[in-house]
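Novice: run37.cif (mmCIF, C-alpha atoms) pasted underneath:
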data_model
loop_
_atom_site.group_PDB
_atom_site.id
_atom_site.type_symbol
_atom_site.label_atom_id
_atom_site.label_comp_id
_atom_site.auth_asym_id
_atom_site.auth_seq_id
_atom_site.Cartn_x
_atom_site.Cartn_y
_atom_site.Cartn_z
ATOM 1 C CA MET J 844 118.244 94.115 125.760
ATOM 2 C CA ASN J 845 120.527 91.876 123.731
ATOM 3 C CA ASP J 846 124.191 91.563 124.715
ATOM 4 C CA MET J 847 126.136 94.499 123.319
ATOM 5 C CA ILE J 848 129.604 94.958 121.904
ATOM 6 C CA PHE J 849 130.943 98.498 121.668
ATOM 7 C CA GLY J 850 134.068 99.934 120.134
ATOM 8 C CA VAL J 851 135.185 99.548 116.537
ATOM 9 C CA ARG J 852 137.955 97.014 117.126
ATOM 10 C CA ALA J 853 135.741 94.861 119.380
ATOM 11 C CA VAL J 854 133.006 94.731 116.710
ATOM 12 C CA ILE J 855 135.537 93.842 113.984
ATOM 13 C CA GLU J 856 136.854 91.008 116.174
ATOM 14 C CA ALA J 857 133.293 89.752 116.781
ATOM 15 C CA LEU J 858 132.677 89.689 113.020
ATOM 16 C CA GLU J 859 135.925 87.827 112.400
ATOM 17 C CA ALA J 860 135.012 85.323 115.135
ATOM 18 C CA GLY J 861 131.712 84.592 113.381
ATOM 19 C CA LYS J 862 129.459 85.860 116.183
ATOM 20 C CA GLU J 863 125.762 86.125 115.237
ATOM 21 C CA ILE J 864 125.166 89.882 115.149
ATOM 22 C CA ASP J 865 121.605 91.173 115.048
ATOM 23 C CA LYS J 866 122.386 94.748 113.982
ATOM 24 C CA ILE J 867 125.085 97.406 114.191
ATOM 25 C CA LEU J 868 124.544 101.073 115.032
ATOM 26 C CA VAL J 869 127.163 103.449 113.636
ATOM 27 C CA LYS J 870 127.637 107.150 114.374
ATOM 28 C CA ARG J 871 126.258 109.050 111.416
ATOM 29 C CA ASP J 872 129.454 110.948 110.525
ATOM 30 C CA ILE J 873 132.036 108.304 111.508
ATOM 31 C CA GLN J 874 135.209 108.634 109.398
ATOM 32 C CA SER J 875 138.097 107.020 111.280
ATOM 33 C CA GLU J 876 140.592 104.705 109.596
ATOM 34 C CA LEU J 877 139.391 101.904 111.869
ATOM 35 C CA SER J 878 135.798 102.458 110.750
ATOM 36 C CA LYS J 879 136.925 101.877 107.138
ATOM 37 C CA GLU J 880 138.271 98.523 108.301
ATOM 38 C CA LEU J 881 134.876 97.771 109.898
ATOM 39 C CA PHE J 882 132.967 98.533 106.683
ATOM 40 C CA ALA J 883 135.433 96.371 104.753
ATOM 41 C CA ALA J 884 134.712 93.499 107.185
ATOM 42 C CA LEU J 885 130.969 94.015 106.639
ATOM 43 C CA LYS J 886 131.204 93.910 102.838
ATOM 44 C CA GLY J 887 128.921 91.181 101.500
ATOM 45 C CA SER J 888 127.276 90.723 104.917
ATOM 46 C CA THR J 889 123.509 90.817 105.460
ATOM 47 C CA ILE J 890 123.842 92.364 108.943
ATOM 48 C CA PRO J 891 121.716 95.550 109.108
ATOM 49 C CA VAL J 892 123.823 98.686 109.710
ATOM 50 C CA GLN J 893 122.022 101.833 110.886
ATOM 51 C CA ARG J 894 123.653 105.268 110.872
ATOM 52 C CA VAL J 895 122.399 107.139 113.943
ATOM 53 C CA PRO J 896 123.128 110.377 115.848
ATOM 54 C CA VAL J 897 125.867 110.020 118.472
ATOM 55 C CA GLU J 898 123.275 110.930 121.132
ATOM 56 C CA ARG J 899 121.503 107.633 120.525
ATOM 57 C CA LEU J 900 124.721 105.696 121.088
ATOM 58 C CA ASN J 901 125.374 107.703 124.261
ATOM 59 C CA ARG J 902 121.940 106.741 125.570
ATOM 60 C CA ILE J 903 122.663 103.059 124.946
ATOM 61 C CA THR J 904 126.019 102.982 126.743
ATOM 62 C CA LYS J 905 128.080 105.413 128.813
ATOM 63 C CA LYS J 906 131.287 103.597 127.882
ATOM 64 C CA ASN J 907 133.697 104.557 125.082
ATOM 65 C CA HIS J 908 131.813 103.195 122.085
ATOM 66 C CA GLN J 909 133.965 105.011 119.464
ATOM 67 C CA GLY J 910 130.826 105.528 117.406
ATOM 68 C CA VAL J 911 129.914 101.832 117.024
ATOM 69 C CA VAL J 912 127.583 99.548 118.997
ATOM 70 C CA ALA J 913 126.671 96.005 117.904
ATOM 71 C CA PHE J 914 123.919 93.797 119.309
ATOM 72 C CA ILE J 915 124.474 90.049 119.567
ATOM 73 C CA SER J 916 121.504 87.926 118.505
ATOM 74 C CA PRO J 917 120.289 85.223 120.931
ATOM 75 C CA VAL J 918 119.648 82.915 117.942
ATOM 76 C CA THR J 919 121.429 81.924 114.748
ATOM 77 C CA TYR J 920 119.530 83.210 111.741
ATOM 78 C CA GLN J 921 119.062 80.846 108.819
ATOM 79 C CA LEU J 922 118.413 81.206 105.091
ATOM 80 C CA THR J 923 115.235 80.032 103.398
ATOM 81 C CA GLU J 924 117.236 78.497 100.540
ATOM 82 C CA GLN J 925 118.965 76.214 103.049
ATOM 83 C CA VAL J 926 115.872 75.334 105.118
ATOM 84 C CA VAL J 927 113.619 74.384 102.170
ATOM 85 C CA PRO J 928 115.816 71.570 100.732
ATOM 86 C CA PHE J 929 116.418 70.213 104.240
ATOM 87 C CA LEU J 930 112.664 69.959 104.910
ATOM 88 C CA PHE J 931 111.993 68.301 101.548
ATOM 89 C CA GLU J 932 114.801 65.793 102.227
ATOM 90 C CA GLN J 933 113.089 64.978 105.548
ATOM 91 C CA GLY J 934 109.900 64.164 103.623
ATOM 92 C CA LYS J 935 108.034 67.114 105.158
ATOM 93 C CA ASN J 936 105.242 69.236 103.717
ATOM 94 C CA PRO J 937 106.729 72.642 104.644
ATOM 95 C CA PHE J 938 104.706 75.427 106.232
ATOM 96 C CA PHE J 939 106.248 78.902 106.682
ATOM 97 C CA ILE J 940 105.039 82.229 108.037
ATOM 98 C CA MET J 941 106.521 85.376 106.486
ATOM 99 C CA LEU J 942 106.318 88.751 108.270
ATOM 100 C CA ASP J 943 106.435 91.762 105.954
ATOM 101 C CA GLY J 944 107.152 94.997 107.834
ATOM 102 C CA VAL J 945 106.059 93.787 111.284
ATOM 103 C CA THR J 946 108.044 95.865 113.795
ATOM 104 C CA ASP J 947 106.486 95.113 117.199
ATOM 105 C CA VAL J 948 108.681 92.558 118.993
ATOM 106 C CA ARG J 949 105.895 91.404 121.312
ATOM 107 C CA ASN J 950 103.662 90.612 118.362
ATOM 108 C CA PHE J 951 106.607 88.782 116.815
ATOM 109 C CA GLY J 952 107.130 86.768 119.991
ATOM 110 C CA ALA J 953 103.431 85.894 120.182
ATOM 111 C CA ILE J 954 103.406 84.784 116.525
ATOM 112 C CA ALA J 955 106.523 82.656 117.112
ATOM 113 C CA ARG J 956 104.865 80.988 120.108
ATOM 114 C CA THR J 957 101.801 80.113 118.011
ATOM 115 C CA CYS J 958 104.023 78.859 115.174
ATOM 116 C CA GLU J 959 105.967 76.566 117.495
ATOM 117 C CA CYS J 960 102.786 75.205 119.090
ATOM 118 C CA ALA J 961 101.220 74.577 115.667
ATOM 119 C CA GLY J 962 104.283 72.912 114.143
ATOM 120 C CA VAL J 963 105.111 75.664 111.632
ATOM 121 C CA ASP J 964 108.540 74.950 110.154
ATOM 122 C CA ALA J 965 110.048 78.467 110.087
ATOM 123 C CA ILE J 966 109.378 82.202 110.266
ATOM 124 C CA ILE J 967 110.804 84.433 107.528
ATOM 125 C CA ILE J 968 111.624 88.099 108.221
ATOM 126 C CA PRO J 969 113.465 90.811 106.258
ATOM 127 C CA ASN J 970 116.747 92.148 107.616
ATOM 128 C CA ARG J 971 115.617 95.798 107.473
ATOM 129 C CA ASP J 972 112.578 97.740 108.765
ATOM 130 C CA SER J 973 111.470 94.681 110.689
ATOM 131 C CA VAL J 974 111.433 92.944 114.016
ATOM 132 C CA SER J 975 114.433 90.848 114.941
ATOM 133 C CA VAL J 976 115.073 88.280 117.640
ATOM 134 C CA ASN J 977 115.870 90.175 120.822
ATOM 135 C CA ALA J 978 115.342 89.441 124.501
ATOM 136 C CA ASP J 979 111.780 90.858 124.551
ATOM 137 C CA ALA J 980 110.782 88.745 121.556
ATOM 138 C CA VAL J 981 112.261 85.596 123.101
ATOM 139 C CA LYS J 982 110.472 86.259 126.400
ATOM 140 C CA THR J 983 107.094 86.878 124.715
ATOM 141 C CA SER J 984 107.561 83.728 122.647
ATOM 142 C CA ALA J 985 107.941 81.677 125.868
ATOM 143 C CA GLY J 986 111.227 80.387 124.471
ATOM 144 C CA ALA J 987 109.757 79.344 121.099
ATOM 145 C CA LEU J 988 112.332 81.471 119.260
ATOM 146 C CA HIS J 989 115.064 79.195 120.591
ATOM 147 C CA LYS J 990 113.340 76.226 118.923
ATOM 148 C CA LEU J 991 111.822 77.654 115.740
ATOM 149 C CA PRO J 992 114.076 78.475 112.765
ATOM 150 C CA VAL J 993 114.054 82.177 111.874
ATOM 151 C CA CYS J 994 115.155 82.946 108.309
ATOM 152 C CA ARG J 995 116.374 86.507 107.825
ATOM 153 C CA GLU J 996 116.434 87.632 104.206
ATOM 154 C CA VAL J 997 117.791 90.674 102.355
ATOM 155 C CA ASN J 998 114.817 90.747 99.958
ATOM 156 C CA LEU J 999 111.423 89.157 100.674
ATOM 157 C CA THR J 1000 110.306 89.483 97.053
ATOM 158 C CA THR J 1001 113.284 87.403 95.902
ATOM 159 C CA THR J 1002 112.526 84.877 98.654
ATOM 160 C CA LEU J 1003 108.878 84.612 97.547
ATOM 161 C CA LYS J 1004 109.996 83.966 93.958
ATOM 162 C CA TYR J 1005 112.285 81.197 95.222
ATOM 163 C CA LEU J 1006 109.442 79.641 97.249
ATOM 164 C CA LYS J 1007 107.105 79.707 94.227
ATOM 165 C CA GLU J 1008 109.787 78.057 92.088
ATOM 166 C CA SER J 1009 110.095 75.403 94.834
ATOM 167 C CA GLY J 1010 106.380 74.575 94.599
ATOM 168 C CA PHE J 1011 105.037 76.650 97.492
ATOM 169 C CA ARG J 1012 101.570 78.203 97.503
ATOM 170 C CA ILE J 1013 101.749 81.786 98.803
ATOM 171 C CA ILE J 1014 98.724 83.144 100.679
ATOM 172 C CA ALA J 1015 98.500 86.778 101.810
ATOM 173 C CA ALA J 1016 96.362 87.984 104.684
ATOM 174 C CA THR J 1017 95.029 91.367 103.555
ATOM 175 C CA GLU J 1018 91.921 93.522 103.940
ATOM 176 C CA LYS J 1019 91.969 93.567 100.111
ATOM 177 C CA GLY J 1020 91.334 89.802 100.211
ATOM 178 C CA ASP J 1021 89.190 88.238 97.515
ATOM 179 C CA TYR J 1022 87.360 85.953 99.925
ATOM 180 C CA ASN J 1023 87.102 84.608 103.474
ATOM 181 C CA TYR J 1024 90.259 82.932 104.848
ATOM 182 C CA THR J 1025 88.390 79.616 105.308
ATOM 183 C CA GLN J 1026 87.957 79.308 101.524
ATOM 184 C CA ALA J 1027 91.694 79.250 100.728
ATOM 185 C CA ASP J 1028 93.670 76.131 99.833
ATOM 186 C CA TYR J 1029 96.325 75.536 102.496
ATOM 187 C CA SER J 1030 97.422 72.079 101.305
ATOM 188 C CA GLY J 1031 100.921 71.381 99.991
ATOM 189 C CA PRO J 1032 104.047 73.452 100.648
ATOM 190 C CA LEU J 1033 102.728 76.723 102.072
ATOM 191 C CA CYS J 1034 103.826 80.213 103.045
ATOM 192 C CA ILE J 1035 101.355 82.609 104.681
ATOM 193 C CA ILE J 1036 102.482 86.233 104.544
ATOM 194 C CA MET J 1037 101.333 88.734 107.183
ATOM 195 C CA GLY J 1038 101.879 92.493 106.967
ATOM 196 C CA ALA J 1039 102.094 95.247 109.563
ATOM 197 C CA GLU J 1040 98.763 96.376 110.979
ATOM 198 C CA ASP J 1041 99.085 99.886 109.526
ATOM 199 C CA LYS J 1042 100.581 99.166 106.071
ATOM 200 C CA GLY J 1043 99.730 95.550 105.341
ATOM 201 C CA VAL J 1044 101.666 93.373 102.908
ATOM 202 C CA SER J 1045 103.672 95.432 100.384
ATOM 203 C CA TYR J 1046 102.322 95.616 96.843
ATOM 204 C CA ASP J 1047 105.391 93.931 95.305
ATOM 205 C CA ASN J 1048 104.866 90.928 97.568
ATOM 206 C CA LEU J 1049 101.082 90.841 97.131
ATOM 207 C CA ALA J 1050 101.633 90.626 93.371
ATOM 208 C CA LEU J 1051 103.438 87.293 93.844
ATOM 209 C CA CYS J 1052 100.773 85.686 96.029
ATOM 210 C CA ASP J 1053 98.497 82.898 94.786
ATOM 211 C CA GLU J 1054 95.598 83.924 97.023
ATOM 212 C CA TRP J 1055 94.565 87.024 98.972
ATOM 213 C CA VAL J 1056 92.360 86.218 101.963
ATOM 214 C CA LYS J 1057 90.635 88.285 104.609
ATOM 215 C CA ILE J 1058 89.276 87.681 108.090
ATOM 216 C CA PRO J 1059 85.708 89.026 108.305
ATOM 217 C CA MET J 1060 85.265 92.012 110.640
ATOM 218 C CA LYS J 1061 81.873 92.318 112.340
ATOM 219 C CA GLY J 1062 82.647 95.254 114.636
ATOM 220 C CA THR J 1063 83.689 98.852 114.039
ATOM 221 C CA ILE J 1064 87.470 98.373 114.415
ATOM 222 C CA GLU J 1065 89.017 97.739 110.999
ATOM 223 C CA SER J 1066 91.680 95.159 111.789
ATOM 224 C CA LEU J 1067 92.860 92.547 114.276
ATOM 225 C CA ASN J 1068 96.166 92.556 116.097
ATOM 226 C CA VAL J 1069 98.621 90.870 113.697
ATOM 227 C CA SER J 1070 99.505 88.100 116.158
ATOM 228 C CA VAL J 1071 95.817 87.233 116.612
ATOM 229 C CA ALA J 1072 95.233 87.281 112.845
ATOM 230 C CA ALA J 1073 98.274 85.038 112.335
ATOM 231 C CA GLY J 1074 96.928 82.577 114.894
ATOM 232 C CA ILE J 1075 93.558 82.375 113.141
ATOM 233 C CA LEU J 1076 95.148 81.650 109.751
ATOM 234 C CA ILE J 1077 97.735 79.218 111.124
ATOM 235 C CA TYR J 1078 95.107 77.052 112.788
ATOM 236 C CA GLU J 1079 92.819 77.133 109.743
ATOM 237 C CA ALA J 1080 95.798 75.878 107.726
ATOM 238 C CA ILE J 1081 96.563 73.190 110.299
ATOM 239 C CA LYS J 1082 92.913 72.043 110.241
ATOM 240 C CA GLN J 1083 93.061 71.576 106.464
ATOM 241 C CA ARG J 1084 96.545 70.068 106.384
ATOM 242 C CA ASP J 1085 95.710 67.489 109.074
#
Can the structure from this file be put into structure tokens for me?
Specialist:
Amino acid sequence: MNDMIFGVRAVIEALEAGKEIDKILVKRDIQSELSKELFAALKGSTIPVQRVPVERLNRITKKNHQGVVAFISPVTYQLTEQVVPFLFEQGKNPFFIMLDGVTDVRNFGAIARTCECAGVDAIIIPNRDSVSVNADAVKTSAGALHKLPVCREVNLTTTLKYLKESGFRIIAATEKGDYNYTQADYSGPLCIIMGAEDKGVSYDNLALCDEWVKIPMKGTIESLNVSVAAGILIYEAIKQRD
């Protein structure tokens, strides 16, 4: 588990010190004066805040948490709008992977490991209803998450619009794909978007994609594990881009 901070004042001090916080759990009915100070400190922040029953907080720590527990991230999250210009200035042909609704940290770690091995420039994730970089993800990634930029965004649809305006081709992996993944054009600035195995890529994000591709299924099971599917698409892209 990530390092934890508990207690309202301690979390406020961590925010003021600029610590990289992964998420904050807050007791559902918290109403103290100090908690108002915490929410004021969080105003304008992209840190996910989840309101949870006090029993969940009690399971996490036996100490006096005062209704607030924060998890410190082992990495510093970045923003796509800062990474893209940097890569262009370096003369690179950027290649991103975006994860839409993927919640399994081991899949996330496996995808990150493949991305690092293949030279992908960054992974993009949303800040809610998604995986984040925790100890399990780092371990599964074999340390890749310490080397690979992870961009955490408030709104993936807005991020996709920015990427398109920056000249990126957006390719979605979906069972609704128009054709086989080997027929797509992976040249130029590229973002491949992968969805969760049960829900797939959200409709709003699919609507912004340039191509929808599928991996042919020959057996009776309908879909591949998302980390395996990501690996197949990443290395097809690398083959074309090389």
Novice: Could you work out how far CA of Glu1018 (chain J) lies from CA of Thr1063 (chain J), giving the answer in Å with one decimal?
Specialist: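 Taking CA of Thr1063 (chain J) and CA of Glu1018 (chain J), their separation equals 14.1 Å.
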Novice: CA of Leu858 (chain J) and CA of Ser975 (chain J) are how many Å apart?
Specialist: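 CA of Leu858 (chain J) sits 18.4 Å away from CA of Ser975 (chain J).
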Novice: Residues within 8 Å of Ile1058 (chain J), please, as an mmCIF file with C-alpha atoms, in the coordinates of the input. Count all atoms listed in the file; anything in the same chain fewer than 2 positions from it doesn't count.
Specialist:
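What follows is the written file result.cif:
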data_model
loop_
_atom_site.group_PDB
_atom_site.id
_atom_site.type_symbol
_atom_site.label_atom_id
_atom_site.label_comp_id
_atom_site.auth_asym_id
_atom_site.auth_seq_id
_atom_site.Cartn_x
_atom_site.Cartn_y
_atom_site.Cartn_z
ATOM 1 C CA ALA J 1016 96.362 87.984 104.684
ATOM 2 C CA GLU J 1018 91.921 93.522 103.940
ATOM 3 C CA ASN J 1023 87.102 84.608 103.474
ATOM 4 C CA TYR J 1024 90.259 82.932 104.848
ATOM 5 C CA VAL J 1056 92.360 86.218 101.963
ATOM 6 C CA MET J 1060 85.265 92.012 110.640
ATOM 7 C CA ALA J 1072 95.233 87.281 112.845
#
Novice: So what do you get for CA of Arg852 (chain J) versus CA of Asn901 (chain J), distance-wise?
Specialist: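 Going from CA of Arg852 (chain J) over to CA of Asn901 (chain J) covers 18.0 Å.
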Novice: Have a look at J:Gln921, J:Ser973, J:Ser1045, J:Ser984 and name the one nearest to Thr946 (chain J); count only C-alpha atoms.
Specialist: J:Ser973
Novice: Report the residues retrieved by the PyMOL selection byres ((chain J and resi 1004-1008) around 9) from the displayed file, expressed as number ranges by chain.
Specialist: J: 923-924, 927, 999-1003, 1009-1013, 1032-1034, 1051-1052
Novice: Deliver the residues from the most recent selection as a file, using C-alpha atoms, as a short mmCIF file (atom, residue, chain, number, x, y, z; two decimals), in the coordinates of the input.
Specialist:
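New file again27.cif:
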data_model
loop_
_atom_site.label_atom_id
_atom_site.label_comp_id
_atom_site.auth_asym_id
_atom_site.auth_seq_id
_atom_site.Cartn_x
_atom_site.Cartn_y
_atom_site.Cartn_z
CA THR J 923 115.24 80.03 103.40
CA GLU J 924 117.24 78.50 100.54
CA VAL J 927 113.62 74.38 102.17
CA LEU J 999 111.42 89.16 100.67
CA THR J 1000 110.31 89.48 97.05
CA THR J 1001 113.28 87.40 95.90
CA THR J 1002 112.53 84.88 98.65
CA LEU J 1003 108.88 84.61 97.55
CA SER J 1009 110.10 75.40 94.83
CA GLY J 1010 106.38 74.58 94.60
CA PHE J 1011 105.04 76.65 97.49
CA ARG J 1012 101.57 78.20 97.50
CA ILE J 1013 101.75 81.79 98.80
CA PRO J 1032 104.05 73.45 100.65
CA LEU J 1033 102.73 76.72 102.07
CA CYS J 1034 103.83 80.21 103.04
CA LEU J 1051 103.44 87.29 93.84
CA CYS J 1052 100.77 85.69 96.03
#
Novice: Looking at all atoms listed in the file, which of J:Gln909, J:Gln925, J:Asn977, J:Thr957 is the one that sits closest to Leu877 (chain J)?
Specialist: J:Gln909
Novice: Which is closest to Ile873 (chain J) among J:Val897, J:Ala1027, J:Ala985, J:Leu1076, if we use all atoms listed in the file?
Specialist: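 With all atoms listed in the file as the atom set, the closest residue is J:Val897.
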Novice: List the residues matched by the PyMOL selection byres ((chain J and resi 872) around 10) in the displayed structure as a PDB file with C-alpha atoms, in the coordinates of the input, ordered by chain and then by residue number.
Specialist:
ATOM      1  CA  VAL J 869     127.163 103.449 113.636  1.00  0.00           C
ATOM      2  CA  LYS J 870     127.637 107.150 114.374  1.00  0.00           C
ATOM      3  CA  ARG J 871     126.258 109.050 111.416  1.00  0.00           C
ATOM      4  CA  ILE J 873     132.036 108.304 111.508  1.00  0.00           C
ATOM      5  CA  GLN J 874     135.209 108.634 109.398  1.00  0.00           C
ATOM      6  CA  SER J 875     138.097 107.020 111.280  1.00  0.00           C
ATOM      7  CA  ARG J 894     123.653 105.268 110.872  1.00  0.00           C
ATOM      8  CA  VAL J 895     122.399 107.139 113.943  1.00  0.00           C
ATOM      9  CA  PRO J 896     123.128 110.377 115.848  1.00  0.00           C
ATOM     10  CA  VAL J 897     125.867 110.020 118.472  1.00  0.00           C
ATOM     11  CA  GLY J 910     130.826 105.528 117.406  1.00  0.00           C
TER      12      GLY J 910
END
Novice: Mind checking which residues fall within 7 Å of Tyr1029 (chain J), counting only C-alpha atoms, ignoring those fewer than 3 positions away in the same chain, and posting them as a list of chain:residue names?
Specialist: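 Using only C-alpha atoms, the neighbours found are J:Leu1033, J:Ala1080, J:Gln1083, J:Arg1084.
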Novice: I need the residue set behind the PyMOL selection byres ((chain J and resi 948) around 12) for this file; please write it as an mmCIF file with C-alpha atoms, in the frame of the given file.
Specialist:
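Saved result, result-v5.cif, follows:
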data_model
loop_
_atom_site.group_PDB
_atom_site.id
_atom_site.type_symbol
_atom_site.label_atom_id
_atom_site.label_comp_id
_atom_site.auth_asym_id
_atom_site.auth_seq_id
_atom_site.Cartn_x
_atom_site.Cartn_y
_atom_site.Cartn_z
ATOM 1 C CA MET J 844 118.244 94.115 125.760
ATOM 2 C CA LEU J 942 106.318 88.751 108.270
ATOM 3 C CA GLY J 944 107.152 94.997 107.834
ATOM 4 C CA VAL J 945 106.059 93.787 111.284
ATOM 5 C CA THR J 946 108.044 95.865 113.795
ATOM 6 C CA ASP J 947 106.486 95.113 117.199
ATOM 7 C CA ARG J 949 105.895 91.404 121.312
ATOM 8 C CA ASN J 950 103.662 90.612 118.362
ATOM 9 C CA PHE J 951 106.607 88.782 116.815
ATOM 10 C CA GLY J 952 107.130 86.768 119.991
ATOM 11 C CA ALA J 953 103.431 85.894 120.182
ATOM 12 C CA ILE J 954 103.406 84.784 116.525
ATOM 13 C CA ALA J 955 106.523 82.656 117.112
ATOM 14 C CA SER J 973 111.470 94.681 110.689
ATOM 15 C CA VAL J 974 111.433 92.944 114.016
ATOM 16 C CA SER J 975 114.433 90.848 114.941
ATOM 17 C CA VAL J 976 115.073 88.280 117.640
ATOM 18 C CA ASN J 977 115.870 90.175 120.822
ATOM 19 C CA ALA J 978 115.342 89.441 124.501
ATOM 20 C CA ASP J 979 111.780 90.858 124.551
ATOM 21 C CA ALA J 980 110.782 88.745 121.556
ATOM 22 C CA VAL J 981 112.261 85.596 123.101
ATOM 23 C CA LYS J 982 110.472 86.259 126.400
ATOM 24 C CA THR J 983 107.094 86.878 124.715
ATOM 25 C CA SER J 984 107.561 83.728 122.647
ATOM 26 C CA LEU J 988 112.332 81.471 119.260
ATOM 27 C CA ALA J 1039 102.094 95.247 109.563
ATOM 28 C CA VAL J 1069 98.621 90.870 113.697
ATOM 29 C CA SER J 1070 99.505 88.100 116.158
#
Novice: Could region 879-898 of chain J be written out with C-alpha atoms, as a compact mmCIF listing (two decimals), in the first residue's frame, please?
Specialist:
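File decode34.txt, as written:
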# COMPACT_ATOMS: atom_id res chain seq x y z
CA LYS J 879 -13.68 23.12 5.86
CA GLU J 880 -10.07 24.28 5.85
CA LEU J 881 -9.08 21.03 4.09
CA PHE J 882 -11.69 21.49 1.34
CA ALA J 883 -10.55 25.10 0.91
CA ALA J 884 -6.96 23.83 0.44
CA LEU J 885 -8.21 21.34 -2.17
CA LYS J 886 -10.10 23.95 -4.20
CA GLY J 887 -8.84 23.92 -7.79
CA SER J 888 -6.89 20.69 -7.20
CA THR J 889 -7.21 17.61 -9.41
CA ILE J 890 -6.62 15.21 -6.49
CA PRO J 891 -9.51 12.68 -6.34
CA VAL J 892 -11.51 12.94 -3.10
CA GLN J 893 -13.78 10.02 -2.18
CA ARG J 894 -16.43 10.24 0.54
CA VAL J 895 -16.56 6.87 2.30
CA PRO J 896 -18.16 5.28 5.39
CA VAL J 897 -16.08 5.68 8.56
CA GLU J 898 -15.81 1.87 8.72
